[in-house]
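Everything below belongs to my_file.txt, which stores compact mmCIF, C-alpha atoms.
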```txt
# COMPACT_ATOMS: atom_id res chain seq x y z
CA MET A 1 72.45 114.37 121.72
CA ILE A 2 73.90 112.46 118.80
CA ASP A 3 77.10 113.74 117.25
CA ILE A 4 79.31 112.32 114.56
CA THR A 5 82.24 111.30 116.83
CA SER A 6 80.03 109.13 119.03
CA VAL A 7 78.50 107.46 115.98
CA LEU A 8 81.92 106.73 114.46
CA THR A 9 83.26 105.48 117.79
CA ILE A 10 80.34 103.11 118.25
CA LEU A 11 80.69 101.83 114.68
CA PHE A 12 84.44 101.16 114.98
CA VAL A 13 84.28 99.59 118.45
CA ALA A 14 81.33 97.39 117.46
CA ALA A 15 83.15 96.24 114.32
CA GLY A 16 86.25 95.49 116.41
CA ILE A 17 84.26 93.46 118.93
CA PHE A 18 82.68 91.56 116.02
CA PHE A 19 86.10 90.55 114.68
CA LEU A 20 87.30 89.54 118.16
CA LEU A 21 84.18 87.37 118.46
CA VAL A 22 84.92 85.79 115.06
CA GLY A 23 88.42 85.00 116.31
CA SER A 24 87.03 83.23 119.37
CA ILE A 25 84.59 81.24 117.21
CA GLY A 26 87.52 80.33 114.96
CA ILE A 27 89.49 78.81 117.84
CA ILE A 28 86.62 76.41 118.50
CA ARG A 29 85.83 75.56 114.89
CA LEU A 30 89.21 75.15 113.19
CA PRO A 31 90.83 71.71 113.13
CA ASP A 32 94.54 72.03 113.94
CA PHE A 33 97.11 74.14 115.74
CA TYR A 34 98.29 76.22 112.79
CA SER A 35 94.86 77.29 111.62
CA ARG A 36 93.91 78.09 115.20
CA THR A 37 96.93 80.36 115.41
CA HIS A 38 95.45 82.17 112.40
CA ALA A 39 92.16 82.65 114.19
CA THR A 40 93.60 83.96 117.44
CA SER A 41 96.38 86.24 116.30
CA LYS A 42 94.84 87.55 113.09
CA SER A 43 91.35 88.38 114.14
CA ASP A 44 92.97 90.03 117.14
CA THR A 45 95.04 92.23 114.83
CA LEU A 46 91.98 93.57 113.03
CA GLY A 47 89.71 93.57 116.09
CA MET A 48 92.12 95.40 118.39
CA MET A 49 93.00 97.79 115.58
CA LEU A 50 89.36 98.78 115.04
CA VAL A 51 88.64 99.10 118.78
CA ILE A 52 91.67 101.34 119.32
CA ILE A 53 90.91 103.46 116.21
CA GLY A 54 87.41 103.94 117.59
CA LEU A 55 88.82 105.06 120.95
CA ILE A 56 91.25 107.45 119.20
CA ILE A 57 88.31 109.03 117.38
CA TYR A 58 86.51 109.35 120.72
CA GLU A 59 89.53 111.01 122.35
CA GLY A 60 90.37 113.32 119.46
CA LEU A 61 93.79 114.87 118.95
CA THR A 62 94.88 114.85 122.58
CA ILE A 63 97.79 113.33 124.51
CA ASN A 64 95.62 110.33 125.37
CA GLY A 65 94.87 109.80 121.68
CA GLY A 66 98.61 109.72 121.01
CA LYS A 67 99.12 107.17 123.77
CA LEU A 68 96.40 104.98 122.26
CA PHE A 69 98.17 105.25 118.89
CA LEU A 70 101.36 103.98 120.57
CA VAL A 71 99.42 101.04 122.03
CA LEU A 72 98.20 100.24 118.51
CA LEU A 73 101.76 100.43 117.16
CA PHE A 74 103.08 98.07 119.85
CA ILE A 75 100.28 95.58 119.19
CA LEU A 76 101.06 95.64 115.46
CA LEU A 77 104.74 94.95 116.25
CA ALA A 78 104.31 92.34 118.99
CA ASN A 79 101.38 90.34 117.58
CA PRO A 80 103.09 88.85 114.48
CA VAL A 81 106.28 88.13 116.44
CA GLY A 82 104.33 86.12 119.00
CA ALA A 83 102.35 84.22 116.37
CA HIS A 84 105.50 83.45 114.38
CA ALA A 85 107.34 82.25 117.50
CA LEU A 86 104.48 79.86 118.37
CA ALA A 87 104.20 78.47 114.83
CA ARG A 88 107.94 78.06 114.43
CA ALA A 89 108.27 76.28 117.77
CA ALA A 90 105.46 73.93 116.75
CA LEU A 91 107.10 73.14 113.40
CA ASN A 92 110.51 72.54 115.01
CA ALA A 93 108.87 70.23 117.56
CA GLY A 94 107.62 68.11 114.64
CA LEU A 95 103.95 69.04 114.57
CA LYS A 96 102.64 68.70 111.01
CA PRO A 97 99.70 70.77 109.79
CA ILE A 98 96.45 69.00 108.89
CA PHE A 99 95.35 69.28 105.26
CA PRO A 100 91.58 68.71 105.37
CA ASN A 101 91.27 68.05 101.62
CA ASN A 102 93.87 65.32 101.64
CA LYS A 103 92.10 61.99 102.19
CA LYS A 104 95.08 60.17 103.68
CA ASP A 105 95.65 62.86 106.28
CA LYS A 106 92.02 62.77 107.19
CA GLU A 107 92.16 59.06 107.95
CA GLU A 108 95.23 59.44 110.13
CA SER A 109 93.84 62.19 112.31
CA MET B 1 130.56 95.78 115.42
CA LYS B 2 129.01 98.11 112.90
CA SER B 3 129.46 101.83 112.57
CA LEU B 4 126.62 104.19 113.43
CA SER B 5 125.88 107.26 111.34
CA ALA B 6 124.87 110.69 112.63
CA LYS B 7 121.51 110.27 110.89
CA SER B 8 120.73 107.22 113.00
CA ALA B 9 121.53 109.12 116.21
CA VAL B 10 119.36 112.08 115.15
CA VAL B 11 116.42 109.83 114.27
CA SER B 12 116.67 107.96 117.60
CA PHE B 13 116.81 111.29 119.45
CA ILE B 14 113.72 112.67 117.69
CA VAL B 15 111.74 109.47 118.22
CA LEU B 16 112.67 109.18 121.91
CA MET B 17 111.95 112.87 122.50
CA GLY B 18 108.55 112.51 120.85
CA PHE B 19 107.89 109.50 123.08
CA TRP B 20 108.85 111.59 126.13
CA TYR B 21 106.46 114.42 125.22
CA LEU B 22 103.65 111.97 124.49
CA MET B 23 104.12 110.17 127.80
CA SER B 24 104.53 113.29 129.95
CA GLY B 25 102.09 115.67 128.27
CA PHE B 26 104.02 118.74 129.52
CA PHE B 27 105.72 121.08 127.07
CA ASP B 28 107.35 123.62 129.43
CA ILE B 29 111.10 124.20 129.68
CA THR B 30 111.75 122.25 132.93
CA HIS B 31 110.16 119.07 131.64
CA SER B 32 111.90 119.45 128.27
CA ILE B 33 115.32 119.64 129.96
CA MET B 34 114.49 116.58 132.05
CA GLY B 35 113.44 114.87 128.81
CA VAL B 36 116.70 115.69 127.05
CA ILE B 37 118.67 114.29 130.01
CA SER B 38 116.62 111.05 130.08
CA VAL B 39 116.93 110.60 126.32
CA GLY B 40 120.69 111.13 126.63
CA ILE B 41 120.92 108.44 129.33
CA VAL B 42 118.82 105.99 127.28
CA MET B 43 120.91 106.57 124.15
CA ALA B 44 124.16 106.13 126.14
CA ILE B 45 122.93 102.81 127.55
CA ASN B 46 121.66 101.64 124.15
CA TYR B 47 124.80 102.68 122.28
CA LYS B 48 126.58 99.34 122.69
CA LEU B 49 123.39 97.42 121.85
CA LYS B 50 122.94 99.37 118.64
CA ARG B 51 126.56 98.85 117.68
CA HIS B 52 126.29 95.09 118.11
CA SER B 53 126.01 93.06 114.90
CA TYR B 54 123.50 90.26 115.19
CA PHE B 55 124.44 88.67 111.88
CA GLU B 56 127.08 88.87 109.19
CA GLY B 57 127.01 92.00 107.05
CA GLU B 58 124.32 93.80 109.05
CA THR B 59 123.68 97.36 107.93
CA ASP B 60 121.92 100.23 109.64
CA ILE B 61 118.27 100.17 108.55
CA ILE B 62 117.87 103.95 108.82
CA ASN B 63 120.33 104.50 105.97
CA ASP B 64 118.71 101.97 103.64
CA LEU B 65 115.06 102.81 104.26
CA ARG B 66 113.29 105.41 102.12
CA LEU B 67 111.50 107.12 105.00
CA LEU B 68 108.98 108.99 102.83
CA TYR B 69 107.65 105.72 101.50
CA VAL B 70 106.99 104.20 104.96
CA PRO B 71 103.56 105.87 105.60
CA TYR B 72 102.36 104.74 102.16
CA TYR B 73 103.44 101.17 102.93
CA PHE B 74 101.58 101.18 106.25
CA GLY B 75 98.45 102.54 104.60
CA TRP B 76 98.61 99.86 101.91
CA LEU B 77 99.17 97.17 104.57
CA LEU B 78 96.18 98.36 106.61
CA VAL B 79 93.92 98.08 103.55
CA GLN B 80 95.25 94.55 102.91
CA ILE B 81 94.62 93.61 106.57
CA VAL B 82 91.00 94.78 106.34
CA ILE B 83 90.36 93.00 103.02
CA SER B 84 91.78 89.66 104.13
CA GLY B 85 90.28 90.04 107.61
CA VAL B 86 86.81 90.23 106.11
CA HIS B 87 87.66 87.23 103.91
CA VAL B 88 88.79 85.12 106.91
CA ALA B 89 85.75 86.19 108.93
CA LYS B 90 83.51 85.03 106.06
CA ILE B 91 85.23 81.62 106.04
CA LEU B 92 84.98 81.21 109.82
CA LEU B 93 81.30 82.17 109.94
CA SER B 94 80.03 80.06 107.04
CA PRO B 95 78.46 76.82 108.34
CA SER B 96 80.41 74.49 106.02
CA LEU B 97 83.81 75.91 107.12
CA PRO B 98 85.35 75.94 103.60
CA ILE B 99 89.01 76.01 104.63
CA GLU B 100 91.70 74.74 102.30
CA THR B 101 94.90 74.90 104.29
CA SER B 102 98.15 74.72 102.41
CA VAL B 103 101.82 75.32 103.06
CA LEU B 104 103.76 77.56 100.69
CA LYS B 105 107.47 77.44 100.10
CA PHE B 106 109.25 80.15 98.16
CA LYS B 107 112.60 81.81 97.82
CA VAL B 108 113.06 85.56 97.93
CA ASN B 109 115.74 87.76 96.41
CA PHE B 110 116.15 90.86 98.57
CA PRO B 111 119.05 93.33 98.80
CA ASN B 112 119.25 93.12 102.61
CA PRO B 113 117.91 91.04 105.53
CA HIS B 114 115.66 93.80 106.87
CA CYS B 115 113.39 93.22 103.86
CA LYS B 116 112.92 89.62 104.96
CA MET B 117 112.03 90.79 108.48
CA ILE B 118 109.47 93.28 107.16
CA LEU B 119 107.98 90.78 104.69
CA GLY B 120 107.75 88.08 107.37
CA ASN B 121 106.00 90.44 109.77
CA SER B 122 103.65 91.71 107.07
CA ILE B 123 102.70 88.17 106.03
CA THR B 124 101.93 87.24 109.62
CA LEU B 125 100.03 90.49 110.20
CA THR B 126 97.75 89.84 107.22
CA PRO B 127 94.90 87.54 108.25
CA GLY B 128 94.93 84.14 106.59
CA THR B 129 98.69 83.78 106.18
CA LEU B 130 101.29 82.94 108.80
CA THR B 131 105.07 82.89 108.47
CA VAL B 132 106.14 79.60 110.00
CA ASP B 133 109.86 79.65 109.31
CA ILE B 134 112.56 81.52 107.41
CA GLN B 135 115.69 79.58 106.55
CA GLY B 136 118.20 81.66 104.63
CA ASP B 137 116.23 82.93 101.66
CA GLU B 138 113.47 80.35 101.93
CA PHE B 139 110.12 81.21 103.48
CA ILE B 140 107.67 78.61 104.80
CA VAL B 141 104.19 80.10 105.03
CA HIS B 142 100.96 78.52 106.24
CA ALA B 143 97.81 79.76 104.49
CA ILE B 144 94.20 79.13 105.36
CA SER B 145 92.74 79.41 101.84
CA PRO B 146 94.02 80.03 98.29
CA ALA B 147 92.60 83.55 98.22
CA SER B 148 94.74 84.45 101.24
CA PHE B 149 98.08 83.87 99.56
CA GLU B 150 97.17 85.48 96.23
CA GLY B 151 99.13 88.61 97.17
CA ILE B 152 102.30 86.61 97.76
CA ALA B 153 101.92 84.34 94.73
CA SER B 154 101.45 87.30 92.41
CA ASP B 155 104.55 88.96 93.90
CA LYS B 156 102.54 92.01 95.00
CA MET B 157 103.45 92.21 98.67
CA PRO B 158 107.19 91.46 98.19
CA GLN B 159 107.33 94.16 95.51
CA GLN B 160 105.87 96.68 97.96
CA VAL B 161 108.50 95.72 100.53
CA LEU B 162 111.21 96.11 97.87
CA LYS B 163 109.90 99.58 97.06
CA LEU B 164 110.67 100.57 100.65
CA PHE B 165 114.36 100.18 99.90
CA THR B 166 115.11 100.76 96.22
CA ASN B 167 113.72 102.24 93.03
CA GLU B 168 114.58 99.31 90.81
CA MET B 169 111.85 96.75 90.42
CA TYR B 170 112.52 93.10 89.73
CA PRO B 171 110.67 89.88 90.53
CA VAL B 172 111.40 88.92 94.12
CA VAL B 173 109.67 85.59 94.61
CA SER B 174 111.06 82.51 92.89
CA ASP B 175 110.62 78.73 93.21
CA PHE B 176 107.06 79.18 94.41
CA GLU B 177 105.41 75.92 95.37
CA VAL B 178 102.23 74.97 97.19
CA LEU B 179 102.19 71.86 99.34
CA HIS B 180 98.93 70.03 99.88
CA SER B 181 99.91 66.97 101.89
CA ARG B 182 102.12 65.92 104.76
CA GLU B 183 104.47 63.83 102.64
CA GLU B 184 105.71 66.85 100.74
CA LEU B 185 106.51 68.70 103.95
CA SER B 186 109.75 67.49 105.43
```
Show me this structure written as structure tokens.
Amino acid sequence: MIDITSVLTILFVAAGIFFLLVGSIGIIRLPDFYSRTHATSKSDTLGMMLVIIGLIIYEGLTINGGKLFLVLLFILLANPVGAHALARAALNAGLKPIFPNNKKDKEES
Amino acid sequence: MKSLSAKSAVVSFIVLMGFWYLMSGFFDITHSIMGVISVGIVMAINYKLKRHSYFEGETDIINDLRLLYVPYYFGWLLVQIVISGVHVAKILLSPSLPIETSVLKFKVNFPNPHCKMILGNSITLTPGTLTVDIQGDEFIVHAISPASFEGIASDKMPQQVLKLFTNEMYPVVSDFEVLHSREELS
């Protein structure tokens, strides 16, 4: 039997998995540390968000749905803090970002 | 040390009690009394931590925040996350990889430091932009393509953060510059 909650759940979870996959592809394709941080932390934000929203729709308005919402909230709080800490540590350690359109930088790297 | 208002205590109590009910899933009187006792213990332990000032002139965020506006801000932020997430996904999946990384430097003019915290987190949360450092009023942001930082350059996102705290609108971002090479970054 097909009902609307299952369809919505499948759509959201599939979209979330797609964005997580894009994040993993981004880690391989992007050139330097800073842009890779974009790929990992950001696609994770959207991907995890969609997966958890899909699961909340599957659970409905129950206690478990509320717990999933808390998980989503903690991810939204912790994810940017972690990404910022990594990027800031890299900048303070003297790592300069690569600018692919700048010819001089391209020759150096 | 900063002073704590009654409003802050009431808000912490409601939030912690809601957390208790969500985690336990029981609504009868025995579990509620146990919940009140646990919340009391947690608030007593956290009292000193909440009183501690981490920086000069710190104020209690509960008093400054316009709580009714918070859900609207989160809704707006979620829409922004989806829009720029699709944009970044498009860049990552196109075979030519058309990235144009740049570093932005700008100064902000906010009434209190909590705004800077919220703006920094929102920038990092939005795909395509990453807060690298905040020194005083100066933000250093790494962006993956020009379309990603449009919202910051046009002062849209900082204005939304400002709306969380006051009614009066004024331009927040100043001295906006985009760096395209390593020499400029030092």
Q: Enumerate as a ChimeraX atom specification the residues belonging to chain A that approach chain B to within 7 Å, with all atoms listed in the file taken into account.
A: /A:22,26,35,38,42-43,46,63,66-67,80,84,87-88,96,99-102
Output of the above residues as a PDB file, in the coordinates of the input, restricted to C-alpha atoms:
```
ATOM      1  CA  VAL A  22      84.920  85.790 115.060  1.00  0.00           C
ATOM      2  CA  GLY A  26      87.520  80.330 114.960  1.00  0.00           C
ATOM      3  CA  SER A  35      94.860  77.290 111.620  1.00  0.00           C
ATOM      4  CA  HIS A  38      95.450  82.170 112.400  1.00  0.00           C
ATOM      5  CA  LYS A  42      94.840  87.550 113.090  1.00  0.00           C
ATOM      6  CA  SER A  43      91.350  88.380 114.140  1.00  0.00           C
ATOM      7  CA  LEU A  46      91.980  93.570 113.030  1.00  0.00           C
ATOM      8  CA  ILE A  63      97.790 113.330 124.510  1.00  0.00           C
ATOM      9  CA  GLY A  66      98.610 109.720 121.010  1.00  0.00           C
ATOM     10  CA  LYS A  67      99.120 107.170 123.770  1.00  0.00           C
ATOM     11  CA  PRO A  80     103.090  88.850 114.480  1.00  0.00           C
ATOM     12  CA  HIS A  84     105.500  83.450 114.380  1.00  0.00           C
ATOM     13  CA  ALA A  87     104.200  78.470 114.830  1.00  0.00           C
ATOM     14  CA  ARG A  88     107.940  78.060 114.430  1.00  0.00           C
ATOM     15  CA  LYS A  96     102.640  68.700 111.010  1.00  0.00           C
ATOM     16  CA  PHE A  99      95.350  69.280 105.260  1.00  0.00           C
ATOM     17  CA  PRO A 100      91.580  68.710 105.370  1.00  0.00           C
ATOM     18  CA  ASN A 101      91.270  68.050 101.620  1.00  0.00           C
ATOM     19  CA  ASN A 102      93.870  65.320 101.640  1.00  0.00           C
TER      20      ASN A 102
END
```
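Computed from the coordinates, the atom CA of Leu65 of chain B to atom CA of Gln159 of chain B distance equals 14.5 Å.
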Q) Hey, which of A:Thr40, A:Leu61, A:Leu8, A:Leu95 ends up closest to Gly82 of chain A? Count only C-alpha atoms. A) A:Thr40
(Q) What's around segment 3-15 of chain B at 12 Å? Count only C-alpha atoms, leave out sequence neighbours fewer than 3 positions away in its own chain, and write the answer as a PyMOL selection string. (A) (chain A and resi 70) or (chain B and resi 18-22+35-44+46-53+57-65+67)
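Relative to atom CA of Val161 of chain B, atom CA of Met48 of chain A is found at 24.2 Å.
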Q: Find the residues near Ile52 of chain A: any atom within 8 Å, counting all atoms listed in the file, skip ones fewer than 4 places away on the same chain, and give them as a ChimeraX atom specification.
A: /A:13,48,56,68-69,72
Met169 of chain B environment, 12 Å, all atoms listed in the file, sequence neighbours closer than 4 positions dropped, as a PDB file with C-alpha atoms, in the coordinates of the input:
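To be explicit, this is the file written out as part_29.pdb:
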```pdb
ATOM      1  CA  ASN B 109     115.740  87.760  96.410  1.00  0.00           C
ATOM      2  CA  PHE B 110     116.150  90.860  98.570  1.00  0.00           C
ATOM      3  CA  PRO B 111     119.050  93.330  98.800  1.00  0.00           C
ATOM      4  CA  ASP B 155     104.550  88.960  93.900  1.00  0.00           C
ATOM      5  CA  LYS B 156     102.540  92.010  95.000  1.00  0.00           C
ATOM      6  CA  PRO B 158     107.190  91.460  98.190  1.00  0.00           C
ATOM      7  CA  GLN B 159     107.330  94.160  95.510  1.00  0.00           C
ATOM      8  CA  GLN B 160     105.870  96.680  97.960  1.00  0.00           C
ATOM      9  CA  VAL B 161     108.500  95.720 100.530  1.00  0.00           C
ATOM     10  CA  LEU B 162     111.210  96.110  97.870  1.00  0.00           C
ATOM     11  CA  LYS B 163     109.900  99.580  97.060  1.00  0.00           C
ATOM     12  CA  LEU B 164     110.670 100.570 100.650  1.00  0.00           C
ATOM     13  CA  PHE B 165     114.360 100.180  99.900  1.00  0.00           C
TER      14      PHE B 165
END
```
Using all atoms of segment 8-23 of chain B listed in the file and a margin of 4 Å per side, can you give the axis-aligned box centre and edge lengths in Å to one decimal, as AutoDock Vina command-line options?
```
--center_x 112.6 --center_y 110.8 --center_z 120.4 --size_x 25.9 --size_y 15.2 --size_z 22.8
```
Q) So what do you get for atom CA of Ala93 of chain A versus atom CA of Glu138 of chain B, distance-wise? A) 19.2 Å
Q.
Report as a list in words all protein, DNA and RNA residues lying within 7 Å of Ser41 of chain A, evaluated on all atoms listed in the file, omitting residues in the same chain fewer than 3 positions from it.
A. Thr37, His38, Asp44, Thr45, Asn79 and Ala83 of chain A
Q | Selected residue of minimal separation from Ile118 of chain B among B:Val70, B:Pro146, B:Ser96, B:Gly75, counting only C-alpha atoms | A | B:Val70
